[in-house]
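Text of the file data.txt, holding compact mmCIF, C-alpha atoms:
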```txt
# COMPACT_ATOMS: atom_id res chain seq x y z
CA MET A 888 27.15 176.74 196.59
CA SER A 889 29.14 179.61 195.05
CA ASP A 890 28.88 181.40 198.40
CA SER A 891 31.74 179.28 199.69
CA LEU A 892 34.03 180.43 196.87
CA PRO A 893 36.26 183.48 197.28
CA HIS A 894 34.40 186.65 196.39
CA GLY A 895 37.23 188.40 194.55
CA VAL A 896 36.66 191.82 193.03
CA ILE A 897 33.64 192.45 190.84
CA ILE A 898 34.82 193.96 187.57
CA GLY A 899 31.67 193.95 185.51
CA GLU A 900 28.33 192.62 184.41
CA MET A 901 27.43 191.47 180.93
CA GLN A 902 24.72 189.87 178.86
CA VAL A 903 26.47 187.77 176.27
CA PRO A 904 26.74 184.20 175.00
CA PHE A 905 28.88 182.31 177.48
CA LYS A 906 31.15 180.88 174.80
CA TRP A 907 31.85 184.37 173.55
CA MET A 908 32.78 185.47 177.04
CA LEU A 909 35.33 182.70 177.35
CA SER A 910 36.78 183.37 173.93
CA HIS A 911 37.53 186.96 175.02
CA ALA A 912 38.93 186.16 178.41
CA ALA A 913 42.25 184.56 177.51
CA ARG A 914 44.09 186.13 180.45
CA PHE A 915 41.25 186.28 182.90
CA GLN A 916 41.20 184.35 186.15
CA GLY A 917 38.28 184.48 188.50
CA LEU A 918 34.68 183.60 189.06
CA ILE A 919 31.84 184.20 186.63
CA ARG A 920 28.46 184.04 188.25
CA VAL A 921 25.78 183.09 185.75
CA ARG A 922 22.07 183.73 185.77
CA VAL A 923 19.83 182.42 183.03
CA GLY A 924 16.17 181.55 182.96
CA GLY A 925 15.17 180.61 186.47
CA GLY A 926 18.54 179.15 187.33
CA GLU A 927 21.93 180.33 188.39
CA GLY A 928 25.41 179.02 188.86
CA TYR A 929 29.03 179.84 188.32
CA VAL A 930 32.10 179.07 186.29
CA VAL A 931 35.59 179.34 187.73
CA VAL A 932 37.92 180.44 184.95
CA GLN A 933 41.70 180.20 184.86
CA LYS A 934 43.39 181.98 181.98
CA GLY A 935 40.24 181.79 179.92
CA ARG A 936 39.61 178.10 180.60
CA PRO A 937 36.86 176.85 182.85
CA VAL A 938 38.15 174.74 185.71
CA GLY A 939 34.88 174.43 187.57
CA CYS A 940 31.22 174.72 186.59
CA TYR A 941 27.99 174.56 188.54
CA PHE A 942 24.40 175.33 187.65
CA GLN A 943 21.18 174.92 189.56
CA GLN A 944 17.59 175.45 188.57
CA GLU A 945 15.08 174.61 191.26
CA ASP A 946 15.92 171.04 192.28
CA ALA A 947 18.01 170.29 189.23
CA VAL A 948 21.75 170.52 189.84
CA LEU A 949 24.44 170.31 187.19
CA ARG A 950 28.13 170.07 187.99
CA GLY A 951 31.27 170.00 185.91
CA LYS A 952 30.82 169.09 182.29
CA SER A 953 27.04 168.95 182.36
CA ALA A 954 26.88 172.47 183.71
CA TYR A 955 29.37 173.69 181.14
CA LEU A 956 27.46 172.13 178.26
CA HIS A 957 24.23 173.64 179.45
CA LEU A 958 25.67 177.13 179.81
CA THR A 959 27.26 177.07 176.37
CA SER A 960 23.97 175.98 174.86
CA VAL A 961 22.13 179.09 176.02
CA LEU A 962 22.14 181.98 173.58
CA VAL A 963 22.65 184.83 176.05
CA VAL A 964 23.38 184.60 179.76
CA ASN A 965 23.66 187.22 182.49
CA LEU A 966 27.15 187.29 183.91
CA VAL A 967 28.76 188.93 186.91
CA ILE A 968 32.54 188.78 186.66
CA HIS A 969 34.76 188.54 189.77
CA ARG A 970 38.50 188.82 189.36
CA TYR A 971 40.69 186.57 191.57
CA THR A 972 44.19 186.93 192.90
CA SER A 973 46.45 183.89 192.51
CA GLU A 974 45.70 182.84 196.10
CA GLU A 975 41.96 183.14 195.60
CA MET A 976 42.27 181.20 192.36
CA GLU A 977 44.04 178.32 194.10
CA GLU A 978 41.44 178.25 196.84
CA ALA A 979 38.60 178.28 194.30
CA ILE A 980 40.13 175.43 192.28
CA HIS A 981 40.45 173.37 195.44
CA LEU A 982 36.84 174.06 196.43
CA VAL A 983 35.35 173.18 193.06
CA LYS A 984 37.30 169.93 192.95
CA VAL A 985 36.14 168.97 196.42
CA SER A 986 32.54 169.79 195.56
CA GLY A 987 32.61 167.73 192.38
CA ALA A 988 32.18 170.78 190.15
CA GLY A 989 35.70 170.59 188.72
CA TYR A 990 35.91 170.58 184.97
CA PRO A 991 39.35 170.17 183.40
CA GLU A 992 38.19 168.77 180.09
CA VAL A 993 37.25 171.96 178.36
CA ASP A 994 40.31 171.96 176.10
CA ALA A 995 38.84 169.14 174.11
CA LEU A 996 35.61 171.05 173.57
CA SER A 997 37.22 174.35 172.69
CA GLU A 998 39.48 172.65 170.19
CA GLY A 999 36.43 171.82 168.16
CA ARG A 1000 35.05 168.36 168.55
CA PRO A 1001 31.44 168.89 167.65
CA GLY A 1002 30.74 165.21 167.51
CA ARG A 1003 31.73 164.83 171.07
CA VAL A 1004 29.75 167.84 172.20
CA LEU A 1005 26.65 166.58 170.49
CA ALA A 1006 27.07 163.11 171.96
CA GLU A 1007 27.39 164.58 175.41
CA GLN A 1008 24.39 166.80 174.93
CA ASN A 1009 22.40 163.76 174.04
CA GLY A 1010 23.42 162.17 177.30
CA GLU A 1011 25.97 159.82 175.75
CA THR A 1012 28.59 160.38 178.38
CA GLU A 1013 29.82 156.83 178.35
CA GLY A 1014 32.68 155.90 176.07
CA GLU A 1015 35.02 158.81 176.51
CA PRO A 1016 37.68 159.21 173.81
CA ALA A 1017 40.78 157.18 174.41
CA ASP A 1018 42.87 160.28 174.89
CA ALA A 1019 40.72 161.61 177.70
CA PRO A 1020 42.76 161.71 180.90
CA ALA A 1021 41.71 159.16 183.47
CA ALA A 1022 41.58 161.84 186.14
CA ASP A 1023 39.01 163.76 184.13
CA MET A 1024 36.80 160.74 183.85
CA ALA A 1025 37.03 160.22 187.57
CA VAL A 1026 35.72 163.71 188.11
CA ASP A 1027 32.78 163.26 185.80
CA THR A 1028 31.69 159.84 186.94
CA SER A 1029 31.66 161.06 190.51
CA ILE A 1030 29.16 163.77 189.64
CA THR A 1031 25.67 163.37 191.02
CA VAL A 1032 23.48 164.92 188.37
CA LYS A 1033 19.76 165.22 188.69
CA GLU A 1034 18.11 165.58 185.32
CA PRO A 1035 17.34 169.27 185.03
CA ALA A 1036 14.02 170.73 184.03
CA ILE A 1037 15.87 172.75 181.44
CA GLN A 1038 14.92 172.67 177.82
CA LYS A 1039 17.74 171.82 175.50
CA PRO A 1040 18.02 173.95 172.39
CA ALA A 1041 16.89 172.51 169.10
CA GLN A 1042 20.40 173.00 167.72
CA PRO A 1043 23.73 173.20 169.46
CA VAL A 1044 24.36 176.92 169.73
CA ALA A 1045 28.07 176.34 170.24
CA GLU A 1046 28.28 175.57 166.53
CA LYS A 1047 26.68 178.82 165.44
CA GLY A 1048 28.30 182.20 165.04
CA VAL A 1049 27.85 184.51 167.97
CA ILE A 1050 24.81 186.74 167.67
CA LEU A 1051 24.68 189.63 170.07
CA PRO A 1052 21.64 191.75 170.79
CA SER A 1053 21.21 194.52 168.23
CA GLY A 1054 23.60 192.73 165.91
CA LEU A 1055 26.70 194.26 167.48
CA ASP A 1056 30.05 193.17 166.17
CA THR A 1057 31.61 191.09 168.89
CA GLU A 1058 35.22 191.70 168.02
CA ASN A 1059 34.96 195.45 168.01
CA LEU A 1060 32.86 195.28 171.09
CA ALA A 1061 35.49 193.37 173.01
CA HIS A 1062 38.31 195.42 171.58
CA LEU A 1063 36.77 198.77 172.38
CA LEU A 1064 35.02 198.10 175.62
CA LEU A 1065 36.64 195.25 177.48
CA GLY A 1066 40.12 195.65 176.15
CA ARG A 1067 40.66 199.37 176.11
CA LEU A 1068 38.15 201.77 177.62
CA LEU A 1069 37.75 200.04 180.94
CA ARG A 1070 41.49 199.76 181.37
CA LEU A 1071 41.98 203.50 181.21
CA PRO A 1072 42.62 205.03 184.62
CA GLY A 1073 39.47 206.66 185.95
CA VAL A 1074 36.98 204.82 183.75
CA GLN A 1075 34.39 203.25 186.05
CA ALA A 1076 31.85 201.74 183.70
CA VAL A 1077 30.95 201.54 180.04
CA SER A 1078 27.64 200.72 178.46
CA ILE A 1079 26.41 200.30 174.94
CA PHE A 1080 22.86 201.48 174.69
CA GLY A 1081 20.15 202.23 172.21
CA ARG A 1082 16.72 203.78 172.71
CA GLY A 1083 17.28 204.06 176.43
CA THR A 1084 18.06 200.40 176.88
CA SER A 1085 21.43 199.02 177.84
CA VAL A 1086 22.63 196.39 175.40
CA LEU A 1087 25.78 195.60 177.29
CA SER A 1088 27.22 197.05 180.45
CA ILE A 1089 30.56 196.48 182.15
CA GLY A 1090 32.37 198.06 185.04
CA ASN A 1091 32.00 198.86 188.70
CA VAL A 1092 28.74 200.77 188.35
CA ASN A 1093 25.47 199.46 186.97
CA LEU A 1094 24.60 201.75 184.09
CA ASP A 1095 21.29 200.14 183.21
CA LEU A 1096 19.33 202.93 184.87
CA LEU A 1097 21.68 205.71 183.84
CA VAL A 1098 21.39 204.98 180.13
CA VAL A 1099 17.75 206.04 180.23
CA LEU A 1100 18.90 209.47 181.36
CA ALA A 1101 21.83 209.35 178.96
CA ASP A 1102 19.39 208.78 176.13
CA ASP A 1103 17.33 211.79 177.24
CA MET A 1104 20.47 213.94 177.21
CA LEU A 1105 21.40 212.61 173.82
CA GLN A 1106 18.01 213.33 172.29
CA ALA A 1107 18.04 216.86 173.71
CA ALA A 1108 21.51 217.46 172.28
CA LYS A 1109 20.59 216.11 168.87
CA ALA A 1110 17.62 218.48 168.77
CA ILE A 1111 20.13 221.33 168.45
CA SER A 1112 20.62 220.18 164.87
CA LEU A 1113 17.02 221.17 164.20
CA VAL A 1114 17.67 224.87 164.77
CA MET A 1115 21.17 225.28 163.34
CA HIS A 1116 23.59 223.57 161.03
CA THR A 1117 25.78 221.50 163.33
CA GLY A 1118 26.90 218.56 161.24
CA SER A 1119 26.74 215.08 162.69
CA PHE A 1120 26.81 214.40 166.41
CA VAL A 1121 30.26 213.54 167.74
CA GLN A 1122 30.22 213.51 171.52
CA LEU A 1123 28.50 214.83 174.62
CA THR A 1124 30.37 215.27 177.89
CA LEU A 1125 28.71 216.12 181.17
CA GLN A 1126 31.22 217.22 183.76
CA ILE A 1127 30.35 217.16 187.45
CA PRO A 1128 32.70 217.42 190.42
CA ALA A 1129 32.75 213.64 190.86
CA GLY A 1130 33.62 212.84 187.26
CA LYS A 1131 32.23 212.77 183.77
CA VAL A 1132 29.53 211.12 181.70
CA ILE A 1133 30.52 210.76 178.07
CA ILE A 1134 28.10 209.79 175.31
CA ALA A 1135 29.35 208.98 171.82
CA PRO A 1136 28.09 207.06 168.77
CA TYR A 1137 29.03 203.42 168.44
CA PHE A 1138 27.87 201.92 165.16
CA ASN A 1139 24.07 201.95 165.36
CA GLU A 1140 24.09 202.38 169.13
CA TYR A 1141 25.77 204.69 171.60
CA LEU A 1142 28.42 204.40 174.24
CA CYS A 1143 27.89 205.79 177.71
CA ILE A 1144 31.12 206.07 179.69
CA LEU A 1145 31.15 206.92 183.38
CA THR A 1146 34.45 208.20 184.74
CA GLY A 1147 36.04 209.66 187.83
CA PRO A 1148 37.48 213.19 187.83
CA GLU A 1149 41.01 211.99 187.14
CA VAL A 1150 40.28 210.50 183.72
CA ASN A 1151 42.29 211.57 180.71
CA LEU A 1152 39.69 212.66 178.18
CA GLY A 1153 42.30 212.69 175.43
CA GLN A 1154 42.82 208.95 175.79
CA ILE A 1155 39.09 208.31 175.57
CA ARG A 1156 38.76 210.55 172.54
CA LYS A 1157 41.60 208.74 170.86
CA ILE A 1158 39.88 205.39 171.30
CA LEU A 1159 36.51 206.77 170.21
CA LYS A 1160 38.07 208.19 167.07
CA GLU A 1161 39.33 204.74 166.18
CA ILE A 1162 35.81 203.37 165.97
CA PRO A 1163 35.61 202.31 162.35
CA ALA A 1164 34.11 204.55 159.75
CA ALA A 1165 31.17 202.14 159.64
CA ALA A 1166 29.78 204.25 162.46
CA ASP A 1167 29.33 207.05 159.96
CA THR A 1168 26.57 205.09 158.35
CA GLY A 1169 24.75 204.94 161.64
CA LYS A 1170 23.48 207.63 163.87
CA ARG A 1171 26.40 209.89 163.24
CA ASP A 1172 24.35 211.22 160.36
CA SER A 1173 21.93 212.73 162.83
CA MET B 994 28.29 245.17 181.95
CA LEU B 995 27.16 241.63 181.15
CA LYS B 996 27.59 242.39 177.47
CA LYS B 997 31.15 243.45 178.17
CA GLU B 998 31.91 240.12 179.83
CA LEU B 999 30.39 238.26 176.91
CA GLN B 1000 32.48 240.39 174.58
CA ARG B 1001 35.58 239.25 176.44
CA LEU B 1002 34.63 235.60 175.98
CA PHE B 1003 33.61 236.20 172.39
CA SER B 1004 37.07 237.58 171.66
CA LEU B 1005 38.69 234.26 172.54
CA GLU B 1006 39.93 232.33 169.53
CA GLY B 1007 37.36 229.86 168.19
CA VAL B 1008 34.32 231.37 169.97
CA ASN B 1009 31.55 232.25 167.49
CA MET B 1010 28.73 233.17 169.81
CA ALA B 1011 28.15 233.78 173.51
CA LEU B 1012 24.76 233.84 175.19
CA VAL B 1013 23.41 234.04 178.71
CA ILE B 1014 20.17 232.08 178.96
CA ASP B 1015 17.66 232.68 181.73
CA PRO B 1016 15.73 230.05 183.72
CA GLU B 1017 12.79 230.33 181.31
CA GLY B 1018 14.95 229.35 178.35
CA ARG B 1019 15.14 232.84 176.88
CA VAL B 1020 18.17 234.83 175.84
CA SER B 1021 19.17 237.29 178.51
CA GLU B 1022 22.17 238.63 176.62
CA GLU B 1023 24.01 237.56 173.50
CA ILE B 1024 26.81 238.49 171.21
CA GLY B 1025 28.03 237.17 167.85
CA ALA B 1026 26.68 234.95 165.05
CA ALA B 1027 23.85 237.12 163.74
CA SER B 1028 22.72 234.29 161.48
CA ILE B 1029 21.64 232.16 164.42
CA ASP B 1030 18.26 232.68 166.07
CA GLY B 1031 19.38 233.00 169.68
CA ASN B 1032 15.92 232.52 171.18
CA GLN B 1033 15.24 229.34 169.26
CA LEU B 1034 18.65 228.00 170.18
CA ALA B 1035 18.23 228.97 173.83
CA ALA B 1036 14.96 227.06 174.04
CA VAL B 1037 16.51 223.88 172.64
CA VAL B 1038 19.72 224.11 174.65
CA SER B 1039 17.72 224.58 177.84
CA PHE B 1040 16.52 221.03 177.42
CA VAL B 1041 20.11 219.79 177.24
CA MET B 1042 20.84 221.62 180.48
CA ALA B 1043 17.71 220.27 182.15
CA GLU B 1044 18.48 216.67 181.16
CA SER B 1045 22.08 217.10 182.27
CA LYS B 1046 20.91 218.31 185.67
CA THR B 1047 18.68 215.25 185.96
CA MET B 1048 21.67 213.03 185.24
CA ALA B 1049 23.89 214.91 187.69
CA THR B 1050 21.24 214.61 190.39
CA ARG B 1051 20.95 210.88 189.72
CA LEU B 1052 24.69 210.63 190.22
CA GLY B 1053 24.37 212.41 193.54
CA HIS B 1054 25.57 215.84 192.45
CA GLU B 1055 23.25 218.80 192.04
CA GLN B 1056 26.09 220.83 190.64
CA ILE B 1057 27.21 220.70 187.02
CA SER B 1058 30.67 221.95 186.13
CA MET B 1059 30.18 222.00 182.37
CA VAL B 1060 28.35 220.35 179.48
CA PHE B 1061 30.20 220.01 176.22
CA VAL B 1062 28.27 219.00 173.10
CA GLU B 1063 30.43 218.36 170.10
CA PHE B 1064 29.22 218.15 166.52
CA ARG B 1065 31.21 217.78 163.32
CA ASP B 1066 30.93 221.48 162.43
CA MET B 1067 30.70 223.16 165.83
CA ALA B 1068 30.78 222.65 169.54
CA LEU B 1069 28.61 224.02 172.34
CA LEU B 1070 29.82 224.72 175.85
CA LEU B 1071 27.26 225.16 178.61
CA PHE B 1072 28.27 226.56 181.98
CA PRO B 1073 25.80 226.99 184.84
CA LEU B 1074 25.82 230.46 186.37
CA LYS B 1075 23.39 231.13 189.19
CA LYS B 1076 19.65 230.86 189.81
CA TYR B 1077 19.32 228.47 186.84
CA TYR B 1078 20.91 230.95 184.44
CA PHE B 1079 23.57 229.46 182.24
CA LEU B 1080 26.11 230.57 179.71
CA LEU B 1081 26.28 229.08 176.24
CA LEU B 1082 29.33 229.41 174.05
CA ILE B 1083 29.28 228.23 170.45
CA THR B 1084 32.73 227.43 169.20
CA HIS B 1085 34.57 226.07 166.24
CA PRO B 1086 35.04 222.29 166.70
CA SER B 1087 38.82 222.72 166.89
CA ALA B 1088 38.71 225.55 169.44
CA ASN B 1089 40.88 225.21 172.52
CA ILE B 1090 38.22 224.15 175.01
CA GLY B 1091 40.67 224.01 177.89
CA GLN B 1092 41.67 227.63 177.34
CA ILE B 1093 38.07 228.80 176.97
CA SER B 1094 37.01 226.90 180.03
CA TYR B 1095 39.88 228.38 182.03
CA GLU B 1096 39.00 231.92 180.98
CA LEU B 1097 35.39 231.39 181.86
CA LYS B 1098 36.10 229.96 185.30
CA LYS B 1099 38.30 232.96 185.97
CA ASN B 1100 35.38 235.30 185.29
CA GLN B 1101 32.48 233.10 186.32
CA GLU B 1102 31.99 234.75 189.70
CA HIS B 1103 31.97 238.19 188.16
CA ILE B 1104 29.47 237.16 185.49
CA CYS B 1105 27.20 235.70 188.16
CA SER B 1106 27.36 238.95 190.10
CA LEU B 1107 25.98 240.75 187.08
CA LEU B 1108 22.80 238.66 186.86
```

Kindly transcribe the structure held in the file into structure tokens.
Amino acid sequence: MSDSLPHGVIIGEMQVPFKWMLSHAARFQGLIRVRVGGGEGYVVVQKGRPVGCYFQQEDAVLRGKSAYLHLTSVLVVNLVIHRYTSEEMEEAIHLVKVSGAGYPEVDALSEGRPGRVLAEQNGETEGEPADAPAADMAVDTSITVKEPAIQKPAQPVAEKGVILPSGLDTENLAHLLLGRLLRLPGVQAVSIFGRGTSVLSIGNVNLDLLVVLADDMLQAAKAISLVMHTGSFVQLTLQIPAGKVIIAPYFNEYLCILTGPEVNLGQIRKILKEIPAAADTGKRDS
Amino acid sequence: MLKKELQRLFSLEGVNMALVIDPEGRVSEEIGAASIDGNQLAAVVSFVMAESKTMATRLGHEQISMVFVEFRDMALLLFPLKKYYFLLLITHPSANIGQISYELKKNQEHICSLL
């Protein structure tokens, strides 16, 4: 169904809790394609708020609120993020409303009404709060929802703190990667990796395969410390005519940054130096 | 002649050691830092160069311009020369890498001609 929506511009791929994604996308507008388990779907986001949700797994189809509740209940989802222009956004909003996937009620959820979320997760969709707009109810009651073959979590994950793979700190993660590095001119993609595996990757290039090679480079570089006194590892930069590959410590993991030739290394170094001293307790003590 | 070129690079501010490493990972010529075992270092650094070439190839470029490995107490600059020879400069971490890199590029062709 998402094929009919505007494509926009792909700006990255991530593996994160969906709620966390929304909480760090306050100014984002576009389409987030979602893949989790055997199903896939999308969320249309306007200034950080979902305005349309859809999820399908085999014959089970969820639209609107049901889709949103399911996606927020999954611990980690695979996301592909498409940025929209204002025109594309308008077209997408129109399409999701027509298809019955519109979801304008998210404010109530994000403002913290756990009771309501739980009731909805238990299928108690009747008896909306008195302050719920009539238009919203019209959208939801018009939804044709087949019961999905999707297991509900034992506990509502939306009520838990966000847990990222490898225990990464979400705020620093968003601040460093989403907010700053990728915005620098010339930066094409950024990945956090450890032991040759990408923990999180964003940008125009898929770094999942490259981090294996980045890890090999890193291990070779760190072996220099075995033959001479170097002090802790700070950074490795591979420069090729097409750009640069930069590897630097990030808490207990490493950052791999892929850039074009025009990048300002000074700006990247400045941001890397601002990574909190907590990193010194990690692999910086190589 | 090669030693003379290395001497020129070694004289740049912040450079502590200059080595030319052959395709087998052995020191072809070196100058500076007597306390460092050049052959041992050359063997280890050859791996960095090999892995960097693998990465460059994966990115669609056989050619490497430079590899810069920075540690708290020193930095290493690796420049490919020709026929899998490469130049290794060990510098102080605060050395002016831009200046060193410029000087090297200026003389790179000449150094290659001496191999």

Compile the contact shell of stretch 1105-1107 of chain B as an NGL selection string: residues with an atom at most 12 Å away, counting only C-alpha atoms, same-chain residues fewer than 3 positions apart removed. :B and (994-999 or 1013 or 1015 or 1021-1022 or 1072-1080 or 1097-1102)

Between B:Leu1070, B:Ile1090, B:His1103, B:Glu1063, single out the one closest to chain A, counting only C-alpha atoms. B:Glu1063

Could you check how far atom CA of B:Glu1044 sits from atom CA of A:Leu1105, in Å to one decimal?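 Between these atoms lies a distance of 8.9 Å.
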
Just how far from atom CA of A:Pro893 is atom CA of A:Val1074, in Å to one decimal?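 Result for atom CA of A:Val1074 versus atom CA of A:Pro893: 25.3 Å, one decimal.
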
Could you list, as an mmCIF file with C-alpha atoms, in the coordinates of the input, the residues of chain B having an atom within 6 Å of chain A when counting all atoms listed in the file?
```
data_model
loop_
_atom_site.group_PDB
_atom_site.id
_atom_site.type_symbol
_atom_site.label_atom_id
_atom_site.label_comp_id
_atom_site.auth_asym_id
_atom_site.auth_seq_id
_atom_site.Cartn_x
_atom_site.Cartn_y
_atom_site.Cartn_z
ATOM 1 C CA PHE B 1040 16.520 221.030 177.420
ATOM 2 C CA VAL B 1041 20.110 219.790 177.240
ATOM 3 C CA GLU B 1044 18.480 216.670 181.160
ATOM 4 C CA MET B 1048 21.670 213.030 185.240
ATOM 5 C CA ILE B 1057 27.210 220.700 187.020
ATOM 6 C CA SER B 1058 30.670 221.950 186.130
ATOM 7 C CA MET B 1059 30.180 222.000 182.370
ATOM 8 C CA VAL B 1060 28.350 220.350 179.480
ATOM 9 C CA PHE B 1061 30.200 220.010 176.220
ATOM 10 C CA VAL B 1062 28.270 219.000 173.100
ATOM 11 C CA GLU B 1063 30.430 218.360 170.100
ATOM 12 C CA PHE B 1064 29.220 218.150 166.520
ATOM 13 C CA ARG B 1065 31.210 217.780 163.320
ATOM 14 C CA ASP B 1066 30.930 221.480 162.430
ATOM 15 C CA MET B 1067 30.700 223.160 165.830
#
```

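The coordinates place atom CA of A:Leu1069 at 26.2 Å from atom CA of A:Glu977.
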